[in-house]
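Undergrad: You'll find query-v2.txt just under this line, and it carries compact mmCIF, C-alpha atoms and all ligand atoms.
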# COMPACT_ATOMS: atom_id res chain seq x y z
CA MET A 26 -230.95 -21.75 -97.92
CA THR A 27 -231.76 -18.72 -95.73
CA SER A 28 -231.82 -19.07 -91.95
CA LEU A 29 -235.11 -19.43 -90.13
CA GLN A 30 -236.13 -17.04 -87.39
CA ARG A 31 -238.05 -18.32 -84.39
CA LEU A 32 -240.36 -15.32 -83.93
CA MET A 33 -241.59 -16.25 -80.47
CA ASP A 34 -238.07 -15.85 -79.09
CA SER A 35 -238.40 -12.11 -79.48
CA ASP A 36 -238.54 -10.28 -76.15
CA HIS A 37 -239.79 -7.11 -77.79
CA SER A 38 -243.34 -6.54 -76.56
CA ILE A 39 -245.64 -3.58 -76.82
CA ASP A 40 -248.88 -2.62 -75.16
CA PRO A 41 -251.69 -3.74 -77.53
CA SER A 42 -253.24 -0.34 -77.12
CA HIS A 43 -250.27 1.08 -79.10
CA LEU A 44 -250.22 -1.38 -82.00
CA TYR A 45 -251.00 0.29 -85.34
CA GLU A 46 -251.31 3.61 -83.52
CA GLN A 47 -248.61 5.21 -85.66
CA VAL A 48 -249.34 3.47 -88.96
CA GLN A 49 -248.31 5.67 -91.85
CA PHE A 50 -249.00 5.05 -95.51
CA PRO A 51 -247.27 6.44 -98.60
CA ASP A 52 -248.90 9.06 -100.77
CA PRO A 53 -251.40 7.52 -103.19
CA PRO A 54 -250.79 7.12 -106.91
CA PRO A 55 -252.63 9.65 -109.13
CA ASP A 56 -255.20 7.22 -110.50
CA ARG A 57 -256.39 5.39 -107.38
CA PRO A 58 -256.30 5.58 -103.59
CA TYR A 59 -253.58 3.80 -101.61
CA CYS A 60 -255.64 0.80 -100.46
CA TYR A 61 -255.27 -1.47 -97.46
CA ILE A 62 -257.47 -4.44 -96.60
CA ASN A 63 -258.18 -5.46 -93.02
CA MET A 64 -259.58 -8.93 -92.34
CA CYS A 65 -259.82 -11.52 -89.58
CA SER A 66 -259.78 -15.24 -90.31
CA SER A 67 -259.75 -18.47 -88.39
CA ILE A 68 -256.60 -20.63 -88.50
CA ASP A 69 -258.22 -22.56 -91.34
CA GLY A 70 -258.98 -19.39 -93.27
CA LYS A 71 -262.70 -18.87 -92.61
CA ILE A 72 -263.97 -15.32 -92.17
CA VAL A 73 -267.22 -16.13 -90.36
CA ILE A 74 -267.98 -18.58 -87.59
CA GLY A 75 -271.76 -18.51 -87.95
CA LYS A 76 -273.76 -19.00 -91.15
CA PRO A 77 -272.03 -18.29 -94.53
CA THR A 78 -273.62 -14.87 -94.96
CA GLY A 79 -273.66 -13.97 -91.27
CA SER A 80 -271.66 -11.39 -89.37
CA ALA A 81 -268.00 -11.94 -88.47
CA ALA A 82 -268.79 -11.32 -84.80
CA GLY A 83 -267.10 -13.68 -82.37
CA LEU A 84 -264.22 -14.62 -84.65
CA GLY A 85 -261.53 -12.29 -83.32
CA SER A 86 -260.77 -11.32 -79.72
CA ALA A 87 -261.29 -7.97 -78.02
CA THR A 88 -257.76 -7.03 -79.14
CA ASP A 89 -258.69 -7.78 -82.76
CA GLN A 90 -261.76 -5.59 -82.37
CA MET A 91 -259.63 -2.77 -80.99
CA LEU A 92 -257.20 -3.03 -83.91
CA PHE A 93 -260.12 -3.22 -86.34
CA ARG A 94 -261.37 0.12 -85.02
CA ARG A 95 -257.86 1.59 -84.95
CA LEU A 96 -257.18 0.78 -88.60
CA GLN A 97 -260.35 2.70 -89.49
CA LEU A 98 -258.68 5.82 -88.14
CA HIS A 99 -255.93 5.80 -90.77
CA CYS A 100 -258.12 6.11 -93.87
CA ASP A 101 -260.27 8.85 -95.31
CA ALA A 102 -262.72 6.35 -96.80
CA ALA A 103 -263.81 2.74 -96.34
CA MET A 104 -265.34 0.32 -98.85
CA ILE A 105 -267.21 -2.99 -98.50
CA GLY A 106 -269.17 -5.44 -100.65
CA SER A 107 -272.93 -5.43 -100.22
CA SER A 108 -272.99 -8.90 -98.63
CA THR A 109 -270.84 -7.55 -95.82
CA LEU A 110 -273.27 -4.65 -95.41
CA ARG A 111 -276.23 -7.03 -95.33
CA ALA A 112 -274.49 -9.21 -92.72
CA SER A 113 -274.49 -6.67 -89.88
CA GLN A 114 -274.73 -3.05 -88.78
CA VAL A 115 -271.63 -1.25 -90.09
CA HIS A 116 -270.21 1.59 -88.01
CA TYR A 117 -267.35 3.91 -88.97
CA PRO A 118 -265.67 6.93 -87.39
CA GLU A 119 -267.77 9.98 -88.12
CA LYS A 120 -265.41 11.74 -90.51
CA ILE A 121 -264.80 9.04 -93.09
CA GLN A 122 -266.61 8.51 -96.37
CA ARG A 123 -268.03 5.04 -96.91
CA TYR A 124 -268.76 3.13 -100.11
CA VAL A 125 -270.66 -0.11 -100.74
CA VAL A 126 -270.38 -2.02 -104.02
CA THR A 127 -273.48 -3.74 -105.43
CA HIS A 128 -275.04 -5.07 -108.57
CA SER A 129 -278.40 -6.19 -107.24
CA GLY A 130 -279.20 -2.95 -105.43
CA ASN A 131 -280.25 -5.04 -102.44
CA ILE A 132 -278.98 -2.45 -99.99
CA PRO A 133 -280.33 -2.05 -96.44
CA SER A 134 -280.75 1.71 -96.28
CA ASP A 135 -281.55 1.55 -92.56
CA ASN A 136 -278.04 0.23 -91.80
CA ARG A 137 -275.88 2.51 -89.59
CA PHE A 138 -273.56 2.69 -92.63
CA PHE A 139 -276.11 5.15 -94.09
CA THR A 140 -278.00 6.50 -91.11
CA GLU A 141 -274.90 7.72 -89.25
CA ALA A 142 -273.51 9.62 -92.24
CA PRO A 143 -276.14 10.13 -94.95
CA ASP A 144 -274.01 12.81 -96.62
CA ARG A 145 -270.89 10.60 -96.75
CA ALA A 146 -272.35 7.19 -97.67
CA PHE A 147 -272.30 6.11 -101.34
CA VAL A 148 -273.51 3.11 -103.30
CA ILE A 149 -271.24 2.09 -106.21
CA ALA A 150 -273.27 0.28 -108.89
CA PRO A 151 -273.05 -0.58 -112.60
CA THR A 152 -275.17 1.37 -115.08
CA GLY A 153 -276.94 -1.86 -116.04
CA SER A 154 -278.72 -1.83 -112.70
CA LYS A 155 -279.30 1.93 -112.60
CA THR A 156 -283.04 2.10 -113.13
CA GLN A 157 -283.78 -0.75 -110.79
CA ILE A 158 -281.66 0.72 -108.01
CA GLN A 159 -282.86 4.29 -108.43
CA VAL A 160 -286.46 3.22 -108.11
CA GLN A 161 -285.70 1.12 -105.04
CA ARG A 162 -283.54 3.54 -103.06
CA SER A 163 -283.93 7.02 -104.41
CA SER A 164 -282.72 8.65 -101.17
CA LEU A 165 -279.23 7.11 -101.37
CA MET A 166 -276.25 8.60 -103.23
CA TYR A 167 -274.86 6.59 -106.16
CA LEU A 168 -271.69 6.40 -108.20
CA TYR A 169 -272.11 4.52 -111.44
CA CYS A 170 -269.31 2.77 -113.31
CA GLY A 171 -269.24 -0.36 -115.45
CA GLU A 172 -272.20 -1.80 -117.31
CA GLN A 173 -273.08 -5.22 -115.91
CA SER A 174 -270.74 -5.19 -112.93
CA VAL A 175 -268.83 -2.39 -111.24
CA ASP A 176 -265.59 -1.60 -113.05
CA LEU A 177 -263.38 -1.39 -109.95
CA VAL A 178 -260.45 0.22 -111.77
CA GLU A 179 -262.74 3.03 -112.88
CA ALA A 180 -264.35 3.15 -109.43
CA MET A 181 -260.93 3.65 -107.84
CA ARG A 182 -260.14 6.41 -110.35
CA MET A 183 -263.40 8.15 -109.42
CA LEU A 184 -262.70 7.83 -105.70
CA ARG A 185 -259.21 9.27 -106.12
CA GLN A 186 -259.83 11.99 -108.72
CA GLU A 187 -263.46 12.97 -108.15
CA GLN A 188 -264.05 12.12 -104.50
CA GLY A 189 -260.61 13.10 -103.19
CA VAL A 190 -259.94 9.77 -101.45
CA LYS A 191 -256.24 9.28 -100.70
CA HIS A 192 -256.22 6.29 -98.34
CA LEU A 193 -258.92 3.65 -98.71
CA LEU A 194 -259.66 0.87 -96.23
CA CYS A 195 -261.27 -2.16 -97.88
CA GLU A 196 -263.05 -4.32 -95.29
CA GLY A 197 -264.09 -7.19 -97.52
CA GLY A 198 -265.71 -9.49 -97.89
CA GLY A 199 -263.85 -12.12 -99.81
CA THR A 200 -265.69 -11.50 -103.10
CA LEU A 201 -264.68 -7.84 -103.22
CA ASN A 202 -261.16 -8.50 -101.91
CA GLU A 203 -260.48 -11.05 -104.63
CA GLN A 204 -261.31 -8.64 -107.43
CA MET A 205 -259.39 -5.76 -105.85
CA ILE A 206 -256.27 -7.90 -105.38
CA LYS A 207 -256.47 -9.49 -108.84
CA LEU A 208 -256.73 -6.05 -110.41
CA GLY A 209 -253.64 -4.86 -108.54
CA LEU A 210 -255.62 -2.24 -106.61
CA VAL A 211 -254.50 -3.27 -103.11
CA ASP A 212 -251.26 -2.17 -101.47
CA GLU A 213 -251.41 -3.78 -98.03
CA LEU A 214 -253.21 -6.52 -96.12
CA PHE A 215 -253.72 -6.46 -92.36
CA LEU A 216 -254.76 -9.93 -91.27
CA THR A 217 -255.72 -11.25 -87.86
CA ILE A 218 -255.44 -15.02 -87.45
CA ALA A 219 -257.88 -15.84 -84.67
CA SER A 220 -256.98 -18.98 -82.73
CA LYS A 221 -260.04 -20.91 -83.88
CA LEU A 222 -260.57 -23.80 -86.29
CA LYS A 223 -263.94 -23.71 -88.01
CA GLY A 224 -263.92 -25.91 -91.13
CA GLY A 225 -266.71 -26.04 -93.68
CA ALA A 226 -266.13 -25.82 -97.44
CA SER A 227 -269.00 -23.38 -97.92
CA LEU A 228 -267.76 -20.69 -95.55
CA PRO A 229 -266.08 -17.65 -97.14
CA THR A 230 -262.35 -16.93 -96.95
CA ILE A 231 -260.45 -13.66 -97.30
CA MET A 232 -260.41 -14.08 -101.11
CA GLY A 233 -263.38 -15.69 -102.82
CA GLY A 234 -264.48 -15.56 -106.46
CA GLN A 235 -262.67 -17.57 -109.13
CA GLY A 236 -259.20 -16.65 -107.91
CA PHE A 237 -256.22 -16.13 -110.19
CA PRO A 238 -255.95 -18.31 -113.30
CA GLU A 239 -254.14 -21.61 -112.86
CA GLY A 240 -250.48 -21.13 -111.95
CA GLU A 241 -250.86 -17.42 -111.16
CA PHE A 242 -250.92 -15.78 -107.78
CA ALA A 243 -250.04 -12.56 -106.01
CA THR A 244 -247.17 -12.46 -103.57
CA ALA A 245 -246.84 -10.45 -100.39
CA ASN A 246 -244.01 -9.38 -98.09
CA LEU A 247 -244.45 -9.64 -94.34
CA VAL A 248 -244.06 -6.18 -92.78
CA SER A 249 -244.80 -7.02 -89.15
CA ILE A 250 -246.25 -9.73 -86.94
CA TYR A 251 -247.51 -9.48 -83.37
CA ARG A 252 -249.36 -11.86 -81.15
CA ASP A 253 -251.67 -11.59 -78.17
CA ASP A 254 -251.87 -14.97 -76.50
CA SER A 255 -252.47 -17.27 -79.52
CA GLU A 256 -253.98 -14.68 -81.85
CA LEU A 257 -251.71 -13.26 -84.58
CA TYR A 258 -251.71 -9.85 -86.23
CA LEU A 259 -249.98 -9.78 -89.58
CA ARG A 260 -249.26 -6.88 -91.87
CA TYR A 261 -248.30 -7.62 -95.50
CA LYS A 262 -247.28 -5.45 -98.41
CA ILE A 263 -248.93 -6.81 -101.55
CA ASN A 264 -246.40 -6.84 -104.36
CA PRO A 265 -247.11 -4.84 -107.50
CA ALA A 266 -245.77 -7.89 -109.34
CA SER A 267 -249.27 -9.34 -109.06
CA ASN A 268 -250.18 -7.11 -112.02
CA GLU A 269 -247.44 -8.65 -114.12
CA LEU A 270 -248.60 -12.12 -113.18
CA ILE A 271 -252.08 -11.33 -114.42
CA ASN A 272 -250.89 -9.78 -117.65
CA SER A 273 -248.17 -12.27 -118.56
N1 LIG A 301 -263.83 -11.78 -90.85
C1 LIG A 301 -263.75 -10.65 -91.51
O1 LIG A 301 -262.78 -9.90 -91.35
C2 LIG A 301 -264.85 -10.26 -92.47
C3 LIG A 301 -264.77 -9.03 -93.13
C4 LIG A 301 -265.75 -8.70 -94.06
C5 LIG A 301 -266.82 -9.56 -94.30
N2 LIG A 301 -266.87 -10.74 -93.62
C6 LIG A 301 -267.97 -11.68 -93.90
O2 LIG A 301 -267.90 -12.05 -95.27
C7 LIG A 301 -269.22 -12.33 -95.75
C8 LIG A 301 -269.46 -11.54 -97.02
O3 LIG A 301 -268.42 -11.81 -97.93
P1 LIG A 301 -268.76 -12.15 -99.46
O4 LIG A 301 -267.49 -12.51 -100.11
O5 LIG A 301 -269.89 -13.12 -99.47
O6 LIG A 301 -269.35 -10.81 -100.04
P2 LIG A 301 -268.84 -9.28 -100.19
O7 LIG A 301 -267.53 -9.22 -100.87
O8 LIG A 301 -269.02 -8.57 -98.90
O9 LIG A 301 -270.00 -8.72 -101.15
C9 LIG A 301 -270.26 -9.35 -102.38
C10 LIG A 301 -271.29 -8.53 -103.10
O10 LIG A 301 -270.74 -7.26 -103.42
C11 LIG A 301 -271.24 -6.86 -104.69
N3 LIG A 301 -270.11 -6.81 -105.62
C12 LIG A 301 -268.84 -7.22 -105.42
N4 LIG A 301 -268.09 -6.94 -106.49
C13 LIG A 301 -268.92 -6.35 -107.38
C14 LIG A 301 -268.73 -5.80 -108.69
N5 LIG A 301 -267.53 -5.79 -109.31
N6 LIG A 301 -269.82 -5.26 -109.30
C15 LIG A 301 -271.02 -5.22 -108.70
N7 LIG A 301 -271.26 -5.70 -107.48
C16 LIG A 301 -270.20 -6.27 -106.83
C17 LIG A 301 -272.28 -7.87 -105.11
O11 LIG A 301 -273.45 -7.35 -104.52
P3 LIG A 301 -274.98 -7.68 -104.83
O12 LIG A 301 -275.19 -9.05 -104.24
O13 LIG A 301 -275.72 -6.62 -104.09
O14 LIG A 301 -275.17 -7.61 -106.30
C18 LIG A 301 -271.77 -9.12 -104.42
O15 LIG A 301 -272.77 -10.09 -104.24
C19 LIG A 301 -270.18 -11.92 -94.64
O16 LIG A 301 -270.60 -13.10 -93.98
C20 LIG A 301 -269.33 -11.06 -93.73
O17 LIG A 301 -269.73 -11.10 -92.37
C21 LIG A 301 -265.91 -11.11 -92.73
Is it possible to express this structure as structure tokens?
Ligand SMILES: NC(=O)c1ccc[n+]([C@@H]2O[C@H](COP(=O)([O-])OP(=O)(O)OC[C@H]3O[C@@H](n4cnc5c(N)ncnc54)[C@H](OP(=O)(O)O)[C@@H]3O)[C@@H](O)[C@H]2O)c1

TA:
Amino acid sequence: MTSLQRLMDSDHSIDPSHLYEQVQFPDPPPDRPYCYINMCSSIDGKIVIGKPTGSAAGLGSATDQMLFRRLQLHCDAAMIGSSTLRASQVHYPEKIQRYVVTHSGNIPSDNRFFTEAPDRAFVIAPTGSKTQIQVQRSSLMYLYCGEQSVDLVEAMRMLRQEQGVKHLLCEGGGTLNEQMIKLGLVDELFLTIASKLKGGASLPTIMGGQGFPEGEFATANLVSIYRDDSELYLRYKINPASNELINS
């Protein structure tokens, strides 16, 4: 048996304003961006504290919000699922490209996601919904891949090889995260555990969908852990072995 480490005995403390300031990521593989997810959950795993499709506002502390903004500075593009876009106004640093994944084409084009960077905001949609979406939102820019749903492996290839994205921040929600992780497209997970207990079987968690098949799962290695009062900030490396688990 390995020895246990009582983490709170550590006397190493840093100013929160410096956490994740110097984050560096490896070069990306040739066929996809290096991808990191950033999420905040309650102690019991919920990613909203209001209604199931509402914004995540109020879950994390001011420190979590600061780190959320800081992690946006280390990517050249960010990606979200359309439910996350519909839940609130989405703001990014000016320079980064932003992508939203949808099938329905129910995309609020007046969201800051688009209005703050109309030349850097893209909708990723399957060809099966092409006509419907084009008619609805002809002013938006689209990337098409997959027929009935977005083929995320192909989408990542397009981002890397055609859009020049090296480091991609995926900001959820749980539906998009689950597919990205199952497909082995995610390298790291930054996770804030807010010191709240919410409950409720219908509220989303950091990975939704069907999950891995029975008996399969991805594993992750803890890279770092910090706390501010009772809120925790975890950084995990997602193991490439998750691919082998899927394929075995
Ligand atoms: N606490 C946090 O850190 C955090 C972070 C992010 C989000 N959230 C919360 O999470 C909730 C949203 O999460 P969610 O899991 O319900 O949804 P989500 O992952 O944000 O978006 C799901 C939607 O994305 C589209 N989509 C995903 N994969 C697709 C694919 N392969 N092909 C085509 N379309 C695809 C579909 O859009 P269409 O419906 O348009 O077809 C789907 O309904 C919101 O309440 C949000 O506030 C919390």

Undergrad: Mind pulling up the distance from atom CA of Leu96 of chain A to atom CA of Phe242 of chain A?

TA: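 A separation of 26.1 Å between them.
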
Undergrad: Identify, counting all atoms listed in the file, the protein, DNA and RNA residues located within 6 Å of ligand LIG 301 (chain A), and give them as number ranges by chain.

TA: A: 64-66, 72-73, 77-81, 105-109, 112, 126-131, 150, 174-176, 196-201, 233

Undergrad: Could you save those same residues with C-alpha atoms as an mmCIF file, in the frame of the given file?

TA:
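Contents of out26.cif, as written:
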data_model
loop_
_atom_site.group_PDB
_atom_site.id
_atom_site.type_symbol
_atom_site.label_atom_id
_atom_site.label_comp_id
_atom_site.auth_asym_id
_atom_site.auth_seq_id
_atom_site.Cartn_x
_atom_site.Cartn_y
_atom_site.Cartn_z
ATOM 1 C CA MET A 64 -259.580 -8.930 -92.340
ATOM 2 C CA CYS A 65 -259.820 -11.520 -89.580
ATOM 3 C CA SER A 66 -259.780 -15.240 -90.310
ATOM 4 C CA ILE A 72 -263.970 -15.320 -92.170
ATOM 5 C CA VAL A 73 -267.220 -16.130 -90.360
ATOM 6 C CA PRO A 77 -272.030 -18.290 -94.530
ATOM 7 C CA THR A 78 -273.620 -14.870 -94.960
ATOM 8 C CA GLY A 79 -273.660 -13.970 -91.270
ATOM 9 C CA SER A 80 -271.660 -11.390 -89.370
ATOM 10 C CA ALA A 81 -268.000 -11.940 -88.470
ATOM 11 C CA ILE A 105 -267.210 -2.990 -98.500
ATOM 12 C CA GLY A 106 -269.170 -5.440 -100.650
ATOM 13 C CA SER A 107 -272.930 -5.430 -100.220
ATOM 14 C CA SER A 108 -272.990 -8.900 -98.630
ATOM 15 C CA THR A 109 -270.840 -7.550 -95.820
ATOM 16 C CA ALA A 112 -274.490 -9.210 -92.720
ATOM 17 C CA VAL A 126 -270.380 -2.020 -104.020
ATOM 18 C CA THR A 127 -273.480 -3.740 -105.430
ATOM 19 C CA HIS A 128 -275.040 -5.070 -108.570
ATOM 20 C CA SER A 129 -278.400 -6.190 -107.240
ATOM 21 C CA GLY A 130 -279.200 -2.950 -105.430
ATOM 22 C CA ASN A 131 -280.250 -5.040 -102.440
ATOM 23 C CA ALA A 150 -273.270 0.280 -108.890
ATOM 24 C CA SER A 174 -270.740 -5.190 -112.930
ATOM 25 C CA VAL A 175 -268.830 -2.390 -111.240
ATOM 26 C CA ASP A 176 -265.590 -1.600 -113.050
ATOM 27 C CA GLU A 196 -263.050 -4.320 -95.290
ATOM 28 C CA GLY A 197 -264.090 -7.190 -97.520
ATOM 29 C CA GLY A 198 -265.710 -9.490 -97.890
ATOM 30 C CA GLY A 199 -263.850 -12.120 -99.810
ATOM 31 C CA THR A 200 -265.690 -11.500 -103.100
ATOM 32 C CA LEU A 201 -264.680 -7.840 -103.220
ATOM 33 C CA GLY A 233 -263.380 -15.690 -102.820
#

Undergrad: Of the candidates A:Thr88, A:Leu214, A:Arg94, A:Gln47, which one gets nearest to Arg252 of chain A if we count all atoms listed in the file?

TA: A:Thr88

Undergrad: Hey, which of A:Leu168, A:Met104, A:Ala245, A:Leu259 ends up closest to Glu187 of chain A? Count only C-alpha atoms.

TA: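 Residue with the minimum atom-to-atom distance to Glu187 of chain A: A:Leu168.
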
Undergrad: Near Pro58 of chain A, counting all atoms listed in the file, which residues have an atom at most 10 Å away, once you skip same-chain residues fewer than 4 positions from it, shown as a PyMOL selection string?

TA: chain A and resi 52-54+100-102+181-186+189-194+210-212

Undergrad: Set the distance at 12 Å and use all atoms listed in the file: which residues neighbour Thr140 of chain A once local chain neighbours fewer than 5 positions away are removed? I'd like the list as number ranges by chain.

TA: A: 114-117, 119, 123, 133-135, 145-147, 164-165

Undergrad: Any idea what's packed within 7 Å of Arg260 of chain A, counting all atoms listed in the file, ignoring anything in its chain fewer than 4 positions away? Could you give it as a ChimeraX atom specification?

TA: /A:214-216,247-250

Undergrad: When distances are computed from all atoms listed in the file, which of A:Ser67, A:Ser220, A:Asn246, A:Gln90 shows the smallest separation from Ile263 of chain A?

TA: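 Distance minimum relative to Ile263 of chain A lands on A:Asn246.
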
Undergrad: Could you state the separation of atom CA of Pro118 of chain A and atom CA of Cys60 of chain A in Å, given to one decimal place?

TA: 17.6 Å
